[in-house]
>>> print(open('my_file05.txt').read())   # compact mmCIF, C-alpha atoms
# COMPACT_ATOMS: atom_id res chain seq x y z
CA MET S 1 15.32 -3.72 -14.29
CA PHE S 2 17.61 -3.91 -17.33
CA GLU S 3 20.91 -2.59 -18.59
CA TYR S 4 21.97 -2.03 -22.18
CA SER S 5 24.75 -0.70 -24.37
CA LEU S 6 24.46 1.59 -27.37
CA ASP S 7 28.02 0.86 -28.42
CA GLU S 8 27.71 -1.00 -31.73
CA SER S 9 31.19 -2.48 -31.32
CA LYS S 10 29.86 -4.66 -28.50
CA GLU S 11 28.23 -8.01 -29.23
CA GLN S 12 24.93 -7.39 -27.40
CA HIS S 13 24.46 -3.73 -28.22
CA HIS S 14 20.89 -2.40 -28.17
CA ILE S 15 19.73 -5.48 -26.24
CA LEU S 16 18.10 -5.28 -22.83
CA ASN S 17 19.79 -7.58 -20.30
CA GLU S 18 18.19 -8.17 -16.93
CA ILE S 19 20.25 -6.91 -14.01
CA GLU S 20 21.03 -9.59 -11.43
CA LYS S 21 19.45 -8.85 -8.06
CA ASP S 22 19.85 -10.11 -4.53
CA TYR S 23 16.72 -11.95 -3.45
CA SER S 24 18.27 -13.64 -0.43
CA PRO S 25 15.98 -13.98 2.61
CA ARG S 26 15.41 -10.78 4.54
CA ALA S 27 13.19 -9.77 7.46
CA LEU S 28 11.10 -6.68 8.10
CA ILE S 29 11.17 -6.38 11.88
CA GLY S 30 8.71 -4.18 13.77
CA ILE S 31 6.31 -3.60 10.89
CA ARG S 32 2.86 -2.50 12.02
CA PRO S 33 -0.08 -4.85 11.41
CA CYS S 34 -1.72 -2.32 9.07
CA ASP S 35 1.43 -2.20 6.92
CA ALA S 36 1.60 -6.00 6.80
CA ALA S 37 -2.04 -6.11 5.69
CA SER S 38 -1.23 -3.57 2.98
CA PHE S 39 1.21 -6.01 1.34
CA ARG S 40 -1.61 -8.51 0.90
CA LEU S 41 -3.82 -5.78 -0.51
CA VAL S 42 -1.17 -4.58 -2.98
CA LYS S 43 -0.41 -8.19 -3.97
CA ARG S 44 -3.76 -8.33 -5.73
CA ASN S 45 -2.36 -5.87 -8.25
CA PHE S 46 1.02 -7.51 -8.81
CA ASP S 47 -0.16 -11.13 -8.73
CA THR S 48 -3.13 -11.67 -11.03
CA PRO S 49 -4.19 -14.67 -13.13
CA GLU S 50 -3.15 -12.78 -16.28
CA TYR S 51 -0.02 -10.97 -15.10
CA LYS S 52 2.55 -11.68 -12.40
CA ASP S 53 5.20 -9.10 -11.58
CA PRO S 54 8.42 -11.11 -11.06
CA TYR S 55 10.28 -8.27 -9.32
CA TRP S 56 7.61 -7.59 -6.72
CA LEU S 57 6.64 -11.21 -6.12
CA THR S 58 10.20 -12.55 -5.81
CA ALA S 59 11.09 -9.86 -3.28
CA TYR S 60 7.85 -10.48 -1.40
CA GLU S 61 8.39 -14.23 -1.17
CA ALA S 62 11.94 -13.68 0.09
CA THR S 63 10.73 -11.47 2.94
CA ILE S 64 9.75 -12.47 6.47
CA PHE S 65 7.29 -10.08 8.11
CA ILE S 66 7.81 -9.61 11.85
CA GLY S 67 5.01 -7.43 13.17
CA LEU S 68 4.82 -5.24 16.25
CA ALA S 69 1.32 -4.99 17.70
CA CYS S 70 0.02 -1.45 18.07
CA SER S 71 -0.99 -0.90 21.71
CA ASP S 72 -1.42 2.87 21.45
CA PRO S 73 -3.12 3.83 18.15
CA HIS S 74 -3.11 7.42 16.90
CA SER S 75 -6.27 9.48 17.04
CA THR S 76 -6.36 9.37 13.23
CA CYS S 77 -6.22 5.56 13.01
CA PHE S 78 -9.40 3.96 11.65
CA CYS S 79 -8.01 0.50 10.90
CA THR S 80 -10.84 -1.45 12.56
CA SER S 81 -13.38 -0.12 10.06
CA ALA S 82 -11.00 -0.63 7.11
CA GLY S 83 -10.70 -4.40 7.51
CA CYS S 84 -7.64 -4.29 9.76
CA GLY S 85 -6.74 -3.70 13.41
CA PRO S 86 -3.93 -2.90 15.87
CA PHE S 87 -3.29 -6.60 16.53
CA HIS S 88 -4.17 -7.79 13.00
CA GLU S 89 -2.30 -10.94 11.96
CA GLU S 90 -2.94 -11.21 8.22
CA GLY S 91 0.25 -10.85 6.20
CA LEU S 92 2.51 -11.47 9.20
CA ASP S 93 4.79 -14.42 9.89
CA LEU S 94 5.37 -13.47 13.51
CA LEU S 95 3.63 -10.99 15.82
CA LEU S 96 5.53 -9.28 18.63
CA VAL S 97 3.52 -7.92 21.54
CA ASP S 98 5.22 -5.46 23.89
CA GLU S 99 4.41 -6.55 27.43
CA GLY S 100 6.65 -3.95 29.05
CA GLU S 101 9.74 -5.82 30.26
CA ASN S 102 9.38 -8.52 27.62
CA PHE S 103 7.96 -9.23 24.18
CA ILE S 104 5.58 -12.07 23.50
CA ALA S 105 6.30 -13.61 20.09
CA LYS S 106 3.32 -15.29 18.45
CA ILE S 107 4.31 -17.62 15.61
CA LEU S 108 1.88 -17.39 12.70
CA THR S 109 3.59 -19.21 9.81
CA SER S 110 6.42 -21.64 9.11
CA LYS S 111 8.52 -18.63 8.05
CA GLY S 112 7.99 -17.16 11.49
CA GLU S 113 8.93 -20.42 13.16
CA ASN S 114 12.14 -20.65 11.14
CA PHE S 115 12.97 -17.06 12.06
CA ILE S 116 12.58 -17.86 15.76
CA LYS S 117 15.01 -20.76 15.41
CA SER S 118 17.52 -18.73 13.38
CA ALA S 119 17.37 -15.86 15.88
CA GLY S 120 18.02 -18.22 18.76
CA TRP S 121 14.91 -17.25 20.71
CA LYS S 122 14.52 -20.25 23.04
CA ILE S 123 12.52 -18.97 26.02
CA LYS S 124 9.05 -20.47 25.83
CA THR S 125 5.96 -19.32 27.69
CA ASP S 126 2.61 -20.92 28.41
CA SER S 127 0.63 -20.50 25.18
CA THR S 128 -2.74 -20.30 26.93
CA ALA S 129 -1.56 -17.56 29.29
CA ALA S 130 0.12 -15.71 26.43
CA GLU S 131 -3.04 -15.80 24.31
CA LYS S 132 -5.03 -14.43 27.23
CA ILE S 133 -2.59 -11.53 27.64
CA ILE S 134 -2.64 -10.79 23.90
CA LYS S 135 -6.43 -10.91 23.79
CA GLY S 136 -6.72 -8.47 26.69
CA MET S 137 -4.22 -6.04 25.15
CA LYS S 138 -5.96 -6.29 21.79
CA ILE S 139 -9.32 -5.33 23.31
CA LYS S 140 -7.78 -2.33 25.09
CA ALA S 141 -6.02 -1.18 21.90
CA GLU S 142 -9.19 -1.42 19.82
CA GLU S 143 -11.11 0.53 22.46
CA LYS S 144 -8.70 3.44 21.93
CA ILE S 145 -9.65 3.75 18.27
CA ALA S 146 -12.15 6.57 17.98
CA SER S 147 -12.16 7.07 14.20
CA PHE S 148 -14.37 5.06 11.88
CA VAL S 149 -15.45 5.13 8.25
CA SER S 150 -18.57 3.80 6.56
CA THR S 151 -17.92 1.64 3.50
CA ASP S 152 -20.99 -0.58 3.30
CA GLN S 153 -22.63 1.31 0.40
CA LEU S 154 -19.60 1.96 -1.82
CA LYS S 155 -20.04 -1.22 -3.86
CA ASN S 156 -23.63 -0.28 -4.72
CA LYS S 157 -22.92 3.29 -5.76
CA SER S 158 -22.94 4.27 -9.42
CA THR S 159 -19.37 4.88 -10.57
CA GLY S 160 -20.48 7.50 -13.07
CA LYS S 161 -22.56 9.44 -10.57
CA LEU S 162 -19.82 9.38 -7.94
CA TYR S 163 -17.40 10.58 -10.61
CA ASP S 164 -19.67 13.53 -11.37
CA ALA S 165 -20.55 14.26 -7.74
CA PRO S 166 -20.54 17.98 -6.85
CA PHE S 167 -18.21 17.68 -3.83
CA TRP S 168 -14.91 17.05 -5.68
CA ASP S 169 -14.12 20.75 -6.23
CA ASP S 170 -14.55 21.42 -2.52
CA ILE S 171 -12.35 18.47 -1.54
CA ALA S 172 -9.60 19.46 -3.97
CA PHE S 173 -9.67 23.19 -3.20
CA ALA S 174 -6.97 23.06 -0.49
CA CYS S 175 -4.76 20.47 -2.20
CA ILE S 176 -1.28 21.71 -3.19
CA ASN S 177 -0.37 18.62 -5.26
CA CYS S 178 2.62 17.82 -3.02
CA GLY S 179 2.01 14.07 -3.35
CA THR S 180 2.67 13.42 0.35
CA CYS S 181 -0.52 11.36 0.66
CA THR S 182 0.60 8.92 -2.03
CA TYR S 183 4.22 8.56 -0.94
CA ILE S 184 3.38 7.69 2.68
CA CYS S 185 0.43 5.46 1.78
CA PRO S 186 1.26 1.75 2.15
CA THR S 187 -1.34 0.79 -0.45
CA CYS S 188 -0.31 3.10 -3.31
CA TRP S 189 1.36 1.09 -6.07
CA CYS S 190 1.71 3.46 -9.02
CA PHE S 191 5.11 3.53 -10.70
CA ASP S 192 6.95 4.86 -13.73
CA ILE S 193 9.56 3.20 -15.95
CA GLN S 194 12.41 5.37 -17.16
CA ASP S 195 15.68 4.98 -19.05
CA GLU S 196 18.84 6.65 -17.80
CA VAL S 197 21.66 6.87 -20.36
CA SER S 198 25.25 7.93 -19.77
CA LYS S 199 27.27 8.12 -22.98
CA ASN S 200 26.87 4.66 -24.59
CA SER S 201 25.39 2.71 -21.68
CA GLY S 202 22.10 2.88 -19.90
CA ILE S 203 19.70 1.29 -17.45
CA ARG S 204 15.95 0.88 -17.45
CA MET S 205 14.56 1.37 -13.97
CA ARG S 206 11.23 1.40 -12.22
CA ASN S 207 10.50 4.03 -9.61
CA TRP S 208 7.49 4.96 -7.52
CA ASP S 209 5.29 7.67 -8.97
CA SER S 210 2.23 9.58 -7.83
CA CYS S 211 -1.15 10.12 -9.46
CA MET S 212 -1.17 13.52 -7.79
CA PHE S 213 1.52 14.89 -10.10
CA PRO S 214 0.56 16.54 -13.43
CA LEU S 215 3.19 14.58 -15.38
CA PHE S 216 1.78 11.23 -14.25
CA THR S 217 -0.81 11.04 -17.03
CA LEU S 218 0.84 13.33 -19.57
CA HIS S 219 0.78 11.63 -22.98
CA GLY S 220 3.57 11.81 -25.53
CA THR S 221 1.24 13.88 -27.70
CA GLY S 222 1.06 16.55 -25.02
CA TYR S 223 -2.51 15.67 -24.07
CA ASN S 224 -3.22 15.15 -20.37
CA PRO S 225 -6.55 13.54 -19.40
CA ARG S 226 -6.09 14.77 -15.81
CA ASN S 227 -4.69 18.24 -16.29
CA SER S 228 -6.48 19.80 -13.33
CA LYS S 229 -5.92 19.39 -9.62
CA MET S 230 -9.51 18.35 -9.03
CA GLN S 231 -9.23 15.50 -11.55
CA ARG S 232 -6.12 14.14 -9.83
CA VAL S 233 -7.62 14.35 -6.35
CA ARG S 234 -10.75 12.64 -7.60
CA GLN S 235 -8.67 9.88 -9.19
CA ARG S 236 -6.86 9.14 -5.93
CA PHE S 237 -10.02 8.73 -3.90
CA MET S 238 -12.06 7.03 -6.60
CA HIS S 239 -9.28 4.48 -7.09
CA LYS S 240 -9.01 3.66 -3.39
CA LEU S 241 -12.66 3.79 -2.48
CA LYS S 242 -14.55 2.81 -5.65
CA TYR S 243 -12.50 1.36 -8.52
CA TYR S 244 -10.66 -1.06 -6.24
CA VAL S 245 -13.89 -2.02 -4.50
CA ASP S 246 -15.56 -2.80 -7.82
CA LYS S 247 -12.61 -4.67 -9.31
CA TYR S 248 -11.64 -6.93 -6.43
CA ASP S 249 -14.72 -6.98 -4.18
CA ALA S 250 -12.38 -7.21 -1.17
CA GLY S 251 -13.01 -3.98 0.70
CA ILE S 252 -11.38 -0.61 0.15
CA GLN S 253 -7.81 0.04 -0.97
CA CYS S 254 -6.92 1.37 2.46
CA VAL S 255 -5.87 -0.16 5.79
CA GLY S 256 -6.81 2.84 7.94
CA CYS S 257 -3.29 3.77 9.06
CA GLY S 258 -4.23 7.48 9.07
CA ARG S 259 -0.82 8.69 7.85
CA CYS S 260 -2.27 10.73 5.01
CA ILE S 261 -4.51 12.50 7.52
CA ARG S 262 -1.67 13.31 9.91
CA LEU S 263 0.78 14.44 7.24
CA CYS S 264 -1.39 16.28 4.71
CA PRO S 265 -0.36 19.97 4.89
CA ALA S 266 -3.81 20.97 3.63
CA ASN S 267 -5.77 18.88 6.17
CA ILE S 268 -7.59 16.79 3.56
CA ASP S 269 -9.13 13.87 5.43
CA ILE S 270 -9.77 10.54 3.70
CA ARG S 271 -12.28 9.64 6.43
CA ASN S 272 -14.51 12.55 5.44
CA VAL S 273 -14.16 11.72 1.74
CA CYS S 274 -15.01 8.06 2.32
CA ASN S 275 -18.12 8.93 4.30
CA MET S 276 -19.20 11.49 1.68
CA MET S 277 -18.88 8.90 -1.08
CA ASN S 278 -20.57 6.16 0.96
CA ASN S 279 -23.50 8.41 1.91
CA TYR S 280 -23.91 10.20 -1.45
CA ARG S 281 -27.62 10.12 -2.24
CA ASP S 282 -27.66 10.65 -6.01
CA CYS S 283 -26.45 7.10 -6.75
>>> encode(input="my_file05.txt", output="structure tokens")
Amino acid sequence: MFEYSLDESKEQHHILNEIEKDYSPRALIGIRPCDAASFRLVKRNFDTPEYKDPYWLTAYEATIFIGLACSDPHSTCFCTSAGCGPFHEEGLDLLLVDEGENFIAKILTSKGENFIKSAGWKIKTDSTAAEKIIKGMKIKAEEKIASFVSTDQLKNKSTGKLYDAPFWDDIAFACINCGTCTYICPTCWCFDIQDEVSKNSGIRMRNWDSCMFPLFTLHGTGYNPRNSKMQRVRQRFMHKLKYYVDKYDAGIQCVGCGRCIRLCPANIDIRNVCNMMNNYRDC
């Protein structure tokens, strides 16, 4: 983010100077529809009426999102009940559909159209026939999704009562605080800001962090409001499935990619947690 010098012989010592960055146009090619949707979800945090994060937003605006439709979802995918889907178009500039020998490219925005021209893709197909093929493949892909979550009651639940629900100790029991769930989640946005100093020069940088780590909420005084594993596990799920729902009223902070389910070494399943919270009776 910034660089600085502690050498008092230099004119701008002890002054933070922004580091010049390359924001030239770039393309993310082959991104899954759920990941593209996650950018829109995360954008609500970095682009608010009060605060706008220049680093995140400038990089986002410089990026073209070329999606690859998901014809064969995993057994852990539950995107259709999380406001997304294997052929979801929100957040994409261009959608690629694998037809076997060829790809159908569906232009969704002006960015996508410009990308097509820059890439030199000139072979056109009948749009009506292409839409029919895409629609048929979309239906087949959605039929393969066997996992679903219930979210219809989360908005109405009492935050305090969910916070004090008796099931959090059971959910957190197996957790080993590895942080895998947060680092592979496309909708986790927590970060830390640190200074790195070498002799008389230094940089201030921002790096991804995880709410599952004990140091994440450790205060300078030594006090930690989430010093237990259960409190950190509860924070992760409450943030995604309750706090976000209440703050933005735009669904859950999850696109149903299922990565945290597949990769959790302790087999903690966000689908089960979501359903427990949604169906909790003491709210």
>>> closest_residue(input="my_file05.txt", among="S:Arg236, S:Lys52, S:Lys43, S:Lys106", to="Ile134 (chain S)", atoms="only C-alpha atoms")
S:Lys106
>>> closest_atom_pairs(input="my_file05.txt", of="region 103-200 of chain S", to="region 252-260 of chain S", cutoff="12 Å", atoms="only C-alpha atoms", output="Markdown table")
| residue | atom | partner | partner_atom | distance |
| --- | --- | --- | --- | --- |
| S:Ile145 | CA | S:Gly256 | CA | 10.8 |
| S:Ala146 | CA | S:Gly258 | CA | 12.0 |
| S:Ser147 | CA | S:Gly256 | CA | 9.3 |
| S:Phe148 | CA | S:Gly256 | CA | 8.8 |
| S:Val149 | CA | S:Gly256 | CA | 8.9 |
| S:Ser150 | CA | S:Ile252 | CA | 10.6 |
| S:Thr151 | CA | S:Ile252 | CA | 7.7 |
| S:Asp152 | CA | S:Ile252 | CA | 10.1 |
| S:Gln153 | CA | S:Ile252 | CA | 11.4 |
| S:Leu154 | CA | S:Ile252 | CA | 8.8 |
| S:Lys155 | CA | S:Ile252 | CA | 9.6 |
| S:Cys178 | CA | S:Cys260 | CA | 11.8 |
| S:Gly179 | CA | S:Cys260 | CA | 10.0 |
| S:Thr180 | CA | S:Cys260 | CA | 7.3 |
| S:Cys181 | CA | S:Cys260 | CA | 4.7 |
| S:Thr182 | CA | S:Cys260 | CA | 7.8 |
| S:Tyr183 | CA | S:Cys260 | CA | 9.1 |
| S:Ile184 | CA | S:Arg259 | CA | 6.7 |
| S:Cys185 | CA | S:Cys260 | CA | 6.7 |
| S:Pro186 | CA | S:Cys254 | CA | 8.2 |
| S:Thr187 | CA | S:Cys254 | CA | 6.3 |
| S:Cys188 | CA | S:Gln253 | CA | 8.4 |
| S:Trp189 | CA | S:Gln253 | CA | 10.5 |
>>> atom_distance(input="my_file05.txt", atom1="CA of Ser210 (chain S)", atom2="CA of Tyr55 (chain S)")
19.6 Å
>>> residues_around(input="my_file05.txt", residues="Phe46 (chain S)", least_positions_apart="6", cutoff="8 Å", atoms="only C-alpha atoms", output="list in words")
Lys52, Asp53, Trp56 and Leu57 of chain S
>>> write_last_selection(input="my_file05.txt", atoms="C-alpha atoms", output="PDB file, in the frame of the given file")
ATOM      1  CA  LYS S  52       2.550 -11.680 -12.400  1.00  0.00           C
ATOM      2  CA  ASP S  53       5.200  -9.100 -11.580  1.00  0.00           C
ATOM      3  CA  TRP S  56       7.610  -7.590  -6.720  1.00  0.00           C
ATOM      4  CA  LEU S  57       6.640 -11.210  -6.120  1.00  0.00           C
TER       5      LEU S  57
END
>>> residues_around(input="my_file05.txt", residues="Thr58 (chain S)", least_positions_apart="4", cutoff="10 Å", atoms="all atoms listed in the file", output="PyMOL selection string")
chain S and resi 23-24+53-54+62-63
>>> residues_around(input="my_file05.txt", residues="Ile31 (chain S)", least_positions_apart="4", cutoff="12 Å", atoms="all atoms listed in the file", output="tab-separated table (two decimals) with C-alpha atoms, in the coordinates of the input")
chain	number	residue	atom	x	y	z
S	27	ALA	CA	13.19	-9.77	7.46
S	35	ASP	CA	1.43	-2.20	6.92
S	36	ALA	CA	1.60	-6.00	6.80
S	37	ALA	CA	-2.04	-6.11	5.69
S	38	SER	CA	-1.23	-3.57	2.98
S	39	PHE	CA	1.21	-6.01	1.34
S	64	ILE	CA	9.75	-12.47	6.47
S	65	PHE	CA	7.29	-10.08	8.11
S	66	ILE	CA	7.81	-9.61	11.85
S	67	GLY	CA	5.01	-7.43	13.17
S	68	LEU	CA	4.82	-5.24	16.25
S	69	ALA	CA	1.32	-4.99	17.70
S	70	CYS	CA	0.02	-1.45	18.07
S	86	PRO	CA	-3.93	-2.90	15.87
S	87	PHE	CA	-3.29	-6.60	16.53
S	88	HIS	CA	-4.17	-7.79	13.00
S	89	GLU	CA	-2.30	-10.94	11.96
S	91	GLY	CA	0.25	-10.85	6.20
S	92	LEU	CA	2.51	-11.47	9.20
S	93	ASP	CA	4.79	-14.42	9.89
S	94	LEU	CA	5.37	-13.47	13.51
S	95	LEU	CA	3.63	-10.99	15.82
S	96	LEU	CA	5.53	-9.28	18.63
S	97	VAL	CA	3.52	-7.92	21.54
S	186	PRO	CA	1.26	1.75	2.15
>>> atom_distance(input="my_file05.txt", atom1="CA of Leu16 (chain S)", atom2="CA of Tyr4 (chain S)")
5.1 Å
>>> atom_distance(input="my_file05.txt", atom1="CA of Leu41 (chain S)", atom2="CA of Tyr243 (chain S)")
13.8 Å
>>> closest_residue(input="my_file05.txt", among="S:Leu215, S:Ala105, S:Cys190, S:Ala82", to="Cys34 (chain S)", atoms="all atoms listed in the file")
S:Ala82
>>> closest_residue(input="my_file05.txt", among="S:Thr125, S:Asn279, S:Asn177, S:Ser118", to="Ile104 (chain S)", atoms="all atoms listed in the file")
S:Thr125
